[in-house]
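Okay, data29.cif now, which holds mmCIF, C-alpha atoms:
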data_data
#
loop_
_atom_site.label_atom_id
_atom_site.label_comp_id
_atom_site.auth_asym_id
_atom_site.auth_seq_id
_atom_site.Cartn_x
_atom_site.Cartn_y
_atom_site.Cartn_z
CA MET A 1 -23.44 -4.73 0.82
CA LYS A 2 -22.97 -1.00 1.36
CA ILE A 3 -19.31 -0.11 0.87
CA THR A 4 -17.49 3.19 1.33
CA VAL A 5 -14.12 3.84 -0.30
CA LEU A 6 -11.96 6.61 1.16
CA GLY A 7 -9.49 7.80 -1.47
CA ALA A 8 -10.18 8.56 -5.13
CA GLY A 9 -6.72 8.01 -6.57
CA ALA A 10 -6.04 5.18 -8.98
CA GLY A 11 -6.19 2.52 -6.27
CA GLY A 12 -9.36 3.79 -4.61
CA THR A 13 -11.05 4.22 -7.97
CA ALA A 14 -10.18 0.61 -8.87
CA VAL A 15 -11.53 -0.71 -5.56
CA ALA A 16 -14.73 1.33 -5.99
CA PHE A 17 -15.21 0.12 -9.56
CA ASP A 18 -14.58 -3.54 -8.72
CA CYS A 19 -16.94 -3.54 -5.74
CA ALA A 20 -19.65 -1.79 -7.78
CA ALA A 21 -19.14 -4.24 -10.65
CA HIS A 22 -19.85 -7.05 -8.18
CA GLY A 23 -23.22 -5.52 -7.32
CA HIS A 24 -22.38 -3.62 -4.13
CA GLU A 25 -23.64 -0.10 -3.37
CA VAL A 26 -20.49 2.01 -3.34
CA ARG A 27 -19.84 5.50 -2.02
CA LEU A 28 -16.57 7.29 -2.75
CA PHE A 29 -14.94 10.06 -0.71
CA ASP A 30 -11.86 12.22 -1.02
CA PHE A 31 -10.74 15.51 0.44
CA GLU A 32 -11.61 18.79 -1.26
CA GLN A 33 -8.03 19.36 -2.44
CA PHE A 34 -8.45 16.38 -4.78
CA PRO A 35 -11.57 17.30 -6.80
CA GLY A 36 -10.85 16.12 -10.36
CA ASN A 37 -11.63 12.42 -10.19
CA ILE A 38 -14.41 12.87 -7.64
CA GLU A 39 -16.24 15.43 -9.79
CA ALA A 40 -15.94 13.39 -13.00
CA ILE A 41 -17.29 10.27 -11.30
CA ALA A 42 -20.17 12.22 -9.78
CA THR A 43 -21.03 13.77 -13.17
CA GLN A 44 -21.06 10.49 -15.08
CA GLY A 45 -22.57 8.48 -12.22
CA GLY A 46 -19.77 5.94 -12.02
CA ILE A 47 -16.38 4.73 -13.18
CA HIS A 48 -15.25 3.48 -16.57
CA ALA A 49 -12.55 0.79 -16.52
CA GLU A 50 -10.58 -0.96 -19.22
CA GLY A 51 -7.94 -3.66 -19.19
CA ASN A 52 -7.78 -6.72 -16.96
CA ILE A 53 -11.17 -5.79 -15.50
CA SER A 54 -13.43 -3.54 -17.54
CA GLY A 55 -16.85 -1.99 -17.90
CA PHE A 56 -18.83 0.67 -16.07
CA GLY A 57 -19.35 0.62 -12.32
CA PRO A 58 -22.19 2.78 -10.96
CA ILE A 59 -21.25 4.82 -7.87
CA ALA A 60 -24.03 5.86 -5.48
CA TYR A 61 -22.15 8.87 -4.12
CA SER A 62 -18.90 10.60 -5.10
CA GLY A 63 -17.98 13.70 -3.13
CA HIS A 64 -16.29 15.46 -0.24
CA ASP A 65 -18.95 15.03 2.48
CA ILE A 66 -17.65 12.37 4.85
CA ASP A 67 -21.05 11.89 6.52
CA ALA A 68 -22.74 11.29 3.17
CA ALA A 69 -19.97 8.92 2.16
CA LEU A 70 -20.26 6.86 5.36
CA ARG A 71 -24.05 6.64 5.33
CA GLY A 72 -25.06 3.03 5.97
CA ALA A 73 -21.55 1.67 5.36
CA GLU A 74 -20.90 -1.90 6.43
CA LEU A 75 -17.41 -2.06 4.94
CA ILE A 76 -14.96 0.83 4.56
CA TYR A 77 -11.83 0.69 2.42
CA VAL A 78 -9.05 3.20 3.13
CA VAL A 79 -7.03 3.34 -0.10
CA GLY A 80 -4.10 5.64 -0.66
CA PRO A 81 -0.44 6.33 0.05
CA ALA A 82 0.95 6.14 3.58
CA TYR A 83 0.54 9.86 4.19
CA SER A 84 -3.23 9.60 3.64
CA THR A 85 -3.93 6.98 6.33
CA GLU A 86 -3.90 9.29 9.34
CA PRO A 87 -5.95 12.06 7.64
CA PHE A 88 -8.61 9.51 6.67
CA GLY A 89 -8.57 8.14 10.21
CA LYS A 90 -9.05 11.63 11.65
CA ALA A 91 -11.85 12.31 9.14
CA VAL A 92 -13.90 9.37 10.44
CA ALA A 93 -13.03 9.74 14.13
CA GLY A 94 -16.22 9.58 16.17
CA LYS A 95 -18.26 8.67 13.08
CA LEU A 96 -17.75 4.90 12.98
CA SER A 97 -20.30 2.46 14.37
CA ALA A 98 -19.94 -0.88 16.12
CA GLY A 99 -20.02 -3.76 13.67
CA GLN A 100 -18.35 -1.92 10.80
CA THR A 101 -15.21 -3.27 9.12
CA VAL A 102 -12.32 -1.09 7.90
CA ILE A 103 -9.60 -2.33 5.53
CA VAL A 104 -6.48 -0.22 4.94
CA SER A 105 -5.14 -1.10 1.49
CA PRO A 106 -2.25 -1.09 1.04
CA CYS A 107 -0.90 -1.03 4.57
CA SER A 108 2.25 0.97 3.67
CA CYS A 109 3.88 -0.37 6.86
CA GLY A 110 1.70 -0.20 9.96
CA GLY A 111 -1.44 1.07 8.23
CA ALA A 112 -3.98 -0.59 10.53
CA LEU A 113 -2.11 0.61 13.61
CA ALA A 114 -1.85 4.14 12.20
CA PHE A 115 -5.54 4.23 11.26
CA LYS A 116 -6.70 3.05 14.68
CA ARG A 117 -4.67 5.69 16.48
CA ALA A 118 -5.84 8.48 14.16
CA ALA A 119 -9.48 7.38 14.45
CA GLY A 120 -9.27 7.37 18.25
CA LEU A 121 -9.65 3.60 18.55
CA ALA A 122 -7.76 1.65 21.18
CA LEU A 123 -5.36 -0.99 19.91
CA ASP A 124 -7.50 -3.76 21.38
CA ASP A 125 -10.86 -2.22 20.38
CA GLU A 126 -12.84 -4.96 18.62
CA SER A 127 -16.15 -3.14 18.22
CA ILE A 128 -14.93 -1.99 14.80
CA ARG A 129 -12.86 -4.54 12.91
CA VAL A 130 -9.75 -2.97 11.34
CA ALA A 131 -7.52 -4.85 8.90
CA GLU A 132 -4.81 -4.15 6.34
CA THR A 133 -3.53 -5.70 3.11
CA SER A 134 0.11 -6.12 2.19
CA THR A 135 -0.32 -4.47 -1.20
CA LEU A 136 -2.87 -2.89 -3.50
CA HIS A 137 -4.76 -5.57 -5.41
CA TYR A 138 -4.26 -3.84 -8.77
CA ALA A 139 -1.68 -2.44 -11.12
CA VAL A 140 -3.73 0.54 -12.26
CA ARG A 141 -3.49 4.06 -13.63
CA VAL A 142 -6.05 6.85 -14.01
CA THR A 143 -6.12 7.59 -17.75
CA GLU A 144 -8.42 10.60 -17.35
CA PRO A 145 -10.81 11.73 -14.61
CA GLY A 146 -13.40 9.01 -14.05
CA ARG A 147 -11.53 6.41 -16.14
CA ILE A 148 -8.93 3.83 -15.17
CA ARG A 149 -6.83 1.23 -16.94
CA VAL A 150 -6.23 -1.91 -14.90
CA PHE A 151 -3.07 -3.66 -16.05
CA LEU A 152 -3.44 -6.47 -13.52
CA LYS A 153 -5.81 -7.60 -10.80
CA LEU A 154 -3.92 -9.95 -8.51
CA LYS A 155 -5.12 -13.54 -8.34
CA ALA A 156 -2.82 -14.42 -5.42
CA GLY A 157 -0.05 -13.02 -3.28
CA ASN A 158 -1.94 -10.29 -1.43
CA LEU A 159 -2.09 -10.88 2.32
CA LEU A 160 -4.70 -9.57 4.77
CA ALA A 161 -4.49 -9.38 8.54
CA ALA A 162 -6.90 -7.96 11.08
CA LEU A 163 -5.89 -6.14 14.26
CA PRO A 164 -6.30 -8.21 16.41
CA GLY A 165 -5.62 -11.19 14.19
CA ARG A 166 -8.54 -13.35 15.36
CA HIS A 167 -10.83 -11.43 12.97
CA THR A 168 -8.80 -12.16 9.82
CA GLY A 169 -10.88 -15.15 8.70
CA GLY A 170 -14.19 -13.36 9.10
CA ILE A 171 -13.03 -10.37 7.09
CA LEU A 172 -11.72 -12.60 4.29
CA GLU A 173 -15.17 -14.21 4.10
CA LEU A 174 -16.78 -10.76 3.91
CA ILE A 175 -14.76 -9.73 0.83
CA ALA A 176 -14.44 -13.13 -0.87
CA ASP A 177 -16.76 -12.31 -3.77
CA VAL A 178 -14.56 -9.41 -4.95
CA TYR A 179 -11.20 -10.75 -3.72
CA PRO A 180 -11.31 -14.56 -3.73
CA GLY A 181 -7.52 -14.74 -3.97
CA MET A 182 -6.82 -12.66 -0.88
CA GLU A 183 -4.74 -14.70 1.60
CA PRO A 184 -4.56 -14.65 5.41
CA ALA A 185 -1.48 -13.31 7.17
CA GLY A 186 -0.45 -14.21 10.70
CA ASN A 187 -0.63 -10.61 11.90
CA VAL A 188 -0.31 -7.00 10.76
CA LEU A 189 3.47 -7.05 10.98
CA GLN A 190 3.52 -9.78 8.35
CA THR A 191 1.37 -7.71 5.99
CA SER A 192 3.50 -4.63 6.69
CA LEU A 193 6.82 -6.37 6.11
CA GLN A 194 5.59 -8.22 3.02
CA ASN A 195 4.96 -4.83 1.37
CA ALA A 196 8.03 -4.58 -0.88
CA ASN A 197 7.60 -1.04 -2.22
CA PRO A 198 10.12 0.40 0.28
CA ILE A 199 12.62 -2.26 -0.79
CA ILE A 200 12.29 -1.66 -4.55
CA HIS A 201 11.38 1.97 -5.25
CA PRO A 202 14.11 3.82 -3.29
CA ALA A 203 16.86 1.49 -4.54
CA VAL A 204 15.93 2.03 -8.18
CA THR A 205 15.28 5.75 -7.73
CA LEU A 206 18.59 6.54 -6.03
CA SER A 207 20.51 4.39 -8.51
CA ASN A 208 18.98 6.44 -11.33
CA ALA A 209 18.88 9.85 -9.62
CA ALA A 210 20.92 11.71 -12.26
CA ARG A 211 18.91 10.12 -15.05
CA ILE A 212 15.63 11.20 -13.46
CA GLU A 213 16.81 14.78 -13.00
CA THR A 214 18.43 15.20 -16.41
CA THR A 215 15.66 13.54 -18.45
CA GLY A 216 12.61 14.33 -16.34
CA GLY A 217 12.04 10.59 -15.99
CA ASP A 218 12.14 9.87 -19.71
CA PHE A 219 12.93 6.17 -19.33
CA LEU A 220 11.22 2.98 -18.18
CA PHE A 221 11.58 2.55 -14.43
CA TYR A 222 12.01 -1.23 -14.37
CA GLU A 223 13.05 -2.16 -17.90
CA ASP A 224 15.75 0.53 -18.12
CA GLY A 225 16.33 1.31 -14.44
CA VAL A 226 17.07 -2.12 -12.97
CA SER A 227 20.52 -3.30 -14.04
CA ASP A 228 22.08 -6.33 -12.37
CA SER A 229 23.92 -4.09 -9.87
CA VAL A 230 20.68 -2.34 -8.95
CA GLY A 231 19.17 -5.78 -8.54
CA ARG A 232 21.91 -6.65 -6.04
CA LEU A 233 21.02 -3.56 -4.01
CA ILE A 234 17.34 -4.56 -3.98
CA GLU A 235 18.33 -8.08 -2.92
CA ALA A 236 20.45 -6.80 -0.03
CA LEU A 237 17.56 -4.74 1.32
CA ASP A 238 15.15 -7.63 0.79
CA ASN A 239 17.36 -9.98 2.80
CA GLU A 240 17.28 -7.54 5.71
CA ARG A 241 13.49 -7.30 5.52
CA ILE A 242 13.27 -11.11 5.55
CA ALA A 243 15.59 -11.23 8.58
CA ILE A 244 13.32 -8.86 10.54
CA GLY A 245 10.40 -11.16 9.82
CA LYS A 246 12.38 -14.22 10.90
CA LYS A 247 13.20 -12.60 14.25
CA LEU A 248 9.44 -12.06 14.72
CA GLY A 249 8.62 -15.63 13.73
CA ILE A 250 7.09 -14.42 10.45
CA THR A 251 7.81 -15.82 7.00
CA ILE A 252 8.45 -13.01 4.51
CA LEU A 253 8.76 -14.20 0.93
CA PRO A 254 11.52 -12.74 -1.28
CA ASP A 255 9.97 -10.14 -3.55
CA PRO A 256 10.69 -11.87 -6.89
CA GLU A 257 9.05 -15.03 -5.52
CA MET A 258 6.02 -13.03 -4.41
CA GLY A 259 6.02 -11.19 -7.74
CA MET A 260 5.72 -14.50 -9.56
CA ARG A 261 2.79 -15.55 -7.37
CA GLN A 262 1.05 -12.25 -8.00
CA GLY A 263 1.53 -12.42 -11.77
CA TYR A 264 3.90 -9.49 -12.09
CA MET A 265 7.11 -11.46 -12.71
CA LEU A 266 8.24 -14.54 -14.61
CA GLU A 267 11.49 -15.39 -12.84
CA ALA A 268 12.86 -15.20 -9.31
CA ASN A 269 15.77 -12.93 -10.18
CA TYR A 270 16.46 -9.50 -8.72
CA GLY A 271 17.85 -8.07 -11.96
CA SER A 272 16.32 -9.58 -15.07
CA GLY A 273 13.25 -10.58 -13.06
CA TYR A 274 12.21 -6.93 -12.80
CA ARG A 275 13.46 -5.92 -16.26
CA ASN A 276 11.44 -8.64 -17.98
CA ALA A 277 8.40 -8.61 -15.72
CA PRO A 278 5.17 -8.39 -17.74
CA GLY A 279 3.42 -6.67 -14.83
CA PHE A 280 5.97 -3.84 -14.83
CA ARG A 281 6.27 -3.45 -18.58
CA GLY A 282 5.89 0.10 -19.88
CA ILE A 283 5.89 1.81 -16.47
CA GLY A 284 7.74 5.10 -16.81
CA ALA A 285 10.04 6.63 -14.23
CA GLN A 286 8.85 9.48 -12.04
CA PRO A 287 9.49 13.00 -13.45
CA GLN A 288 11.41 14.23 -10.39
CA LEU A 289 13.08 12.93 -7.26
CA ASP A 290 10.51 14.61 -5.01
CA HIS A 291 8.12 11.71 -5.39
CA ARG A 292 6.45 9.11 -3.20
CA TYR A 293 9.09 6.54 -4.23
CA LEU A 294 11.34 8.42 -1.78
CA THR A 295 9.08 10.57 0.39
CA GLU A 296 6.72 7.69 1.20
CA ASP A 297 8.81 4.57 0.72
CA VAL A 298 11.79 5.92 2.67
CA GLY A 299 10.07 8.35 5.04
CA TYR A 300 7.39 5.89 6.09
CA GLY A 301 8.45 2.42 4.91
CA LEU A 302 12.22 2.08 5.36
CA VAL A 303 12.32 4.18 8.53
CA PHE A 304 9.60 1.96 10.03
CA MET A 305 11.50 -1.20 9.06
CA SER A 306 14.79 0.14 10.41
CA GLU A 307 13.32 1.18 13.75
CA LEU A 308 11.44 -2.11 14.09
CA ALA A 309 14.70 -3.95 13.36
CA LYS A 310 16.50 -2.02 16.11
CA GLN A 311 13.71 -2.87 18.52
CA VAL A 312 14.08 -6.62 17.95
CA GLY A 313 17.85 -6.65 17.46
CA VAL A 314 18.32 -7.16 13.72
CA PRO A 315 21.09 -5.22 11.91
CA THR A 316 19.99 -3.40 8.73
CA PRO A 317 23.10 -1.73 7.25
CA GLY A 318 21.69 -1.61 3.71
CA ILE A 319 18.35 -0.14 4.71
CA ASP A 320 20.10 2.38 6.97
CA ALA A 321 22.44 3.39 4.14
CA VAL A 322 19.56 3.99 1.74
CA ILE A 323 17.78 6.12 4.37
CA GLN A 324 20.95 8.17 4.84
CA VAL A 325 21.64 8.65 1.12
CA ALA A 326 18.01 9.55 0.43
CA SER A 327 18.10 12.09 3.26
CA ILE A 328 21.22 13.70 1.77
CA VAL A 329 19.91 13.74 -1.79
CA MET A 330 16.53 15.16 -0.77
CA ALA A 331 17.92 17.50 1.94
CA SER A 332 15.38 15.99 4.32
CA ASP A 333 16.28 13.98 7.42
CA TYR A 334 13.78 11.16 7.08
CA ARG A 335 14.86 9.42 10.26
CA ALA A 336 14.58 12.57 12.37
CA THR A 337 11.16 13.32 10.90
CA ALA A 338 10.00 9.85 12.05
CA LEU A 339 6.77 9.86 10.08
CA ARG A 340 5.94 6.27 11.01
CA THR A 341 7.84 4.29 13.63
CA PRO A 342 7.01 1.74 16.33
CA THR A 343 6.96 4.69 18.74
CA SER A 344 4.44 6.68 16.69
CA LEU A 345 2.30 3.52 16.36
CA GLY A 346 2.35 2.75 20.08
CA ILE A 347 4.21 -0.58 19.91
CA ALA A 348 7.78 0.48 20.79
CA ASP A 349 7.69 -1.13 24.25
CA ARG A 350 6.85 -4.62 22.97
CA SER A 351 9.18 -7.57 22.70
CA ALA A 352 9.49 -9.67 19.55
CA GLU A 353 7.13 -12.22 21.11
CA GLU A 354 4.57 -9.56 22.01
CA LEU A 355 4.76 -8.03 18.52
CA ALA A 356 4.17 -11.44 16.96
CA SER A 357 0.93 -11.78 18.94
CA LEU A 358 -0.69 -8.61 17.61
#

Go ahead and express the file in the form of structure tokens.
Amino acid sequence: MKITVLGAGAGGTAVAFDCAAHGHEVRLFDFEQFPGNIEAIATQGGIHAEGNISGFGPIAYSGHDIDAALRGAELIYVVGPAYSTEPFGKAVAGKLSAGQTVIVSPCSCGGALAFKRAAGLALDDESIRVAETSTLHYAVRVTEPGRIRVFLKLKAGNLLAALPGRHTGGILELIADVYPGMEPAGNVLQTSLQNANPIIHPAVTLSNAARIETTGGDFLFYEDGVSDSVGRLIEALDNERIAIGKKLGITILPDPEMGMRQGYMLEANYGSGYRNAPGFRGIGAQPQLDHRYLTEDVGYGLVFMSELAKQVGVPTPGIDAVIQVASIVMASDYRATALRTPTSLGIADRSAEELASL
């Protein structure tokens, strides 16, 4: 199969490597402001990986020409942080062809909806199948340009949903050789809400704000940063996320339970579960507060969850408090900025029942 990967960060590089290692012809694209990894992969003709999956994956094209990257693509992965979804959608607007499949991974709350709008596709357009996953399928870091270390490739616990949902099964069949453990979700709101990054990262970051600023992040984010009290904050936010899902008729698993299914964690505990998690071991804290753990996970993730909760009538005092504190600490009004909300995604006028049928 001919596969295009949009996004050459750690996640996109892992997806490209894994697909190539399974015998697919892979083309890799990123914008010109991110040249390092793209140029190294083009020079060496592929990607070197070590760790849970390893070897060399040949890449047919690695560059900044979107037309060259899309040439002949049957399947397109959009891999990157939340703020990259709309730019990638705009980059391919008018260039997609009927019969192609697009997977936004991870969804980062509303990724499939955001991509469709940016690409100029109607919500109910089925000529191009668009789906999203609840999380990235790897714990991975770029060790140097063109090389990655994969700490974990998930065997379970990553959900996929198409928009509309009737195409979920067909897309899972399409990617089953590379991702046999990918699981179906009921709809894209289930994948979006099951993404726990907005629940974990801001809580740990704000609880360790002084430590991050005074040490430049010289500590381990989970092992040192998640005390039992921090765990209680994560749990409070998680309970609100689960309540939103319940109002929509969607089962959202508690994050420690999902972490155990994915292979990250060993116990369903919000404190020691994170501290002792083998999948999080050795992960350092960010060097500064101006980092995607706040800018993305609050500005996109928590604001989306809070606004969705208001729409369906679920109180979220913990989530709202974290948004407010993060806005004060970062001198940036994340709620007013409204980077991703039901309104921006075109679903603000829908009832809980209508949302559940997406």

Of the listed residues A:Phe34, A:Tyr270, A:Tyr77, A:Tyr334, that which approaches A:Glu132 most closely, counting only C-alpha atoms:
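Ranked by minimum distance to A:Glu132, first place goes to A:Tyr77.
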
Which residues, written as a VMD selection string, have at least one atom at most 10 Å from A:Gln286, with only C-alpha atoms counted and residues fewer than 2 positions away on the same chain left out?
chain A and resid 205 212 to 213 216 to 221 283 to 284 288 to 293

Could you expand the PyMOL selection byres ((chain A and resi 330) around 9) into the explicit residues it covers here, written as a VMD selection string?
chain A and resid 289 to 290 294 to 295 325 to 329 331 to 333

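For the residues A:Thr214, A:Ser357, A:Gln100, A:Ser105, ranking by smallest atom-to-atom distance to A:Asn187 using only C-alpha atoms places A:Ser357 first.
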
Smallest atom-to-atom distance to A:Pro202: which of A:Gly23, A:Gly225, A:Gly99, A:Gly271, using all atoms listed in the file?
A:Gly225

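Our summary of the geometry notes that atom CA of A:Gln262 is positioned 17.8 Å from atom CA of A:Arg141.
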
List every residue of stretch 150-248 of chain A that has an atom at most 7 Å from any atom of stretch 123-130 of chain A, and for each one report the closest atom pair and its distance in Å to one decimal, counting all atoms listed in the file, with rows sorted by chain and then by increasing residue number, as CSV.
residue,atom,partner,partner_atom,distance
A:Ala162,CA,A:Val130,CA,5.8
A:Leu163,CA,A:Val130,CA,5.8
A:Pro164,CA,A:Asp124,CA,6.8

Atoms kept (C-alpha atoms) for selection, written as a PDB file, in the frame of the given file:
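Result written to part_28.pdb:
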ATOM      1  CA  ALA A 162      -6.900  -7.960  11.080  1.00  0.00           C
ATOM      2  CA  LEU A 163      -5.890  -6.140  14.260  1.00  0.00           C
ATOM      3  CA  PRO A 164      -6.300  -8.210  16.410  1.00  0.00           C
TER       4      PRO A 164
END

Counting all atoms listed in the file, figure out which residue out of A:Ala338, A:Ala285, A:Ile244, A:Cys109 gets nearest to A:Ala356.
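That would be A:Ile244, the residue with the smallest distance to A:Ala356.
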
Pairwise distance for atom CA of A:Gly63 and atom CA of A:Phe88, rounded to one decimal in Å
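Separation of atom CA of A:Gly63 and atom CA of A:Phe88: 14.2 Å.
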
The PyMOL selection byres ((chain A and resi 300) around 10) resolved against shown file, as a list in words:
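On the file shown, the PyMOL selection byres ((chain A and resi 300) around 10) covers Pro81, Ala82, Tyr83, Ser108, Cys109, Gly110, Pro198, Arg292, Leu294, Thr295, Glu296, Asp297, Val298, Gly299, Gly301, Leu302, Val303, Phe304, Met305, Tyr334, Arg335, Thr337, Ala338, Leu339, Arg340 and Thr341 of chain A.
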
Residue members of the PyMOL selection byres ((chain A and resi 66) around 12) in the file shown, as a VMD selection string:
chain A and resid 4 to 7 27 to 32 61 to 65 67 to 73 76 88 to 96

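Shortest atom-to-atom contact with A:Pro106 among A:Ala21, A:Gly120, A:Ile171, A:Gly12: A:Gly12, counting all atoms listed in the file.
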
Measuring atom to atom with all atoms listed in the file, identify which of A:Gln33, A:Ser351, A:Gln311, A:Gln44 is nearest to A:Arg147.
A:Gln44

Shell around stretch 249-255 of chain A at 8 Å using only C-alpha atoms, local window under 4 positions removed, as a JSON list (two decimals) with C-alpha atoms, keeping the file's coordinate frame:
[["chain", "number", "residue", "atom", "x", "y", "z"],
["A", 186, "GLY", "CA", -0.45, -14.21, 10.70],
["A", 190, "GLN", "CA", 3.52, -9.78, 8.35],
["A", 193, "LEU", "CA", 6.82, -6.37, 6.11],
["A", 194, "GLN", "CA", 5.59, -8.22, 3.02],
["A", 196, "ALA", "CA", 8.03, -4.58, -0.88],
["A", 238, "ASP", "CA", 15.15, -7.63, 0.79],
["A", 239, "ASN", "CA", 17.36, -9.98, 2.80],
["A", 241, "ARG", "CA", 13.49, -7.30, 5.52],
["A", 242, "ILE", "CA", 13.27, -11.11, 5.55],
["A", 245, "GLY", "CA", 10.40, -11.16, 9.82],
["A", 259, "GLY", "CA", 6.02, -11.19, -7.74],
["A", 356, "ALA", "CA", 4.17, -11.44, 16.96]]

Work out how far atom CA of A:Ile234 is from atom CA of A:Ser207, in Å to one decimal.
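Atom-to-atom, atom CA of A:Ser207 to atom CA of A:Ile234, that is 10.5 Å.
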
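Residues lying within 10 Å of A:Thr343, counting all atoms listed in the file and ignoring same-chain neighbours fewer than 4 positions away, are Phe304, Glu307, Leu308, Ala338, Ile347, Ala348 and Asp349 of chain A.
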
Could you save those same residues with C-alpha atoms as a PDB file, in the coordinates of the input?
ATOM      1  CA  PHE A 304       9.600   1.960  10.030  1.00  0.00           C
ATOM      2  CA  GLU A 307      13.320   1.180  13.750  1.00  0.00           C
ATOM      3  CA  LEU A 308      11.440  -2.110  14.090  1.00  0.00           C
ATOM      4  CA  ALA A 338      10.000   9.850  12.050  1.00  0.00           C
ATOM      5  CA  ILE A 347       4.210  -0.580  19.910  1.00  0.00           C
ATOM      6  CA  ALA A 348       7.780   0.480  20.790  1.00  0.00           C
ATOM      7  CA  ASP A 349       7.690  -1.130  24.250  1.00  0.00           C
TER       8      ASP A 349
END

Find the residues near A:Glu50: any atom within 7 Å, counting all atoms listed in the file, skip ones fewer than 4 places away on the same chain, and give them as a PyMOL selection string.
chain A and resi 54-55+148-150

Build an axis-aligned box that encloses every atom of stretch 331-349 of chain A listed in the file, pad it by 8 Å on each side, and report its centre and edge lengths in Å to one decimal, as lines of an AutoDock Vina configuration file.
center_x = 10.1
center_y = 8.2
center_z = 13.1
size_x = 31.6
size_y = 34.6
size_z = 38.3
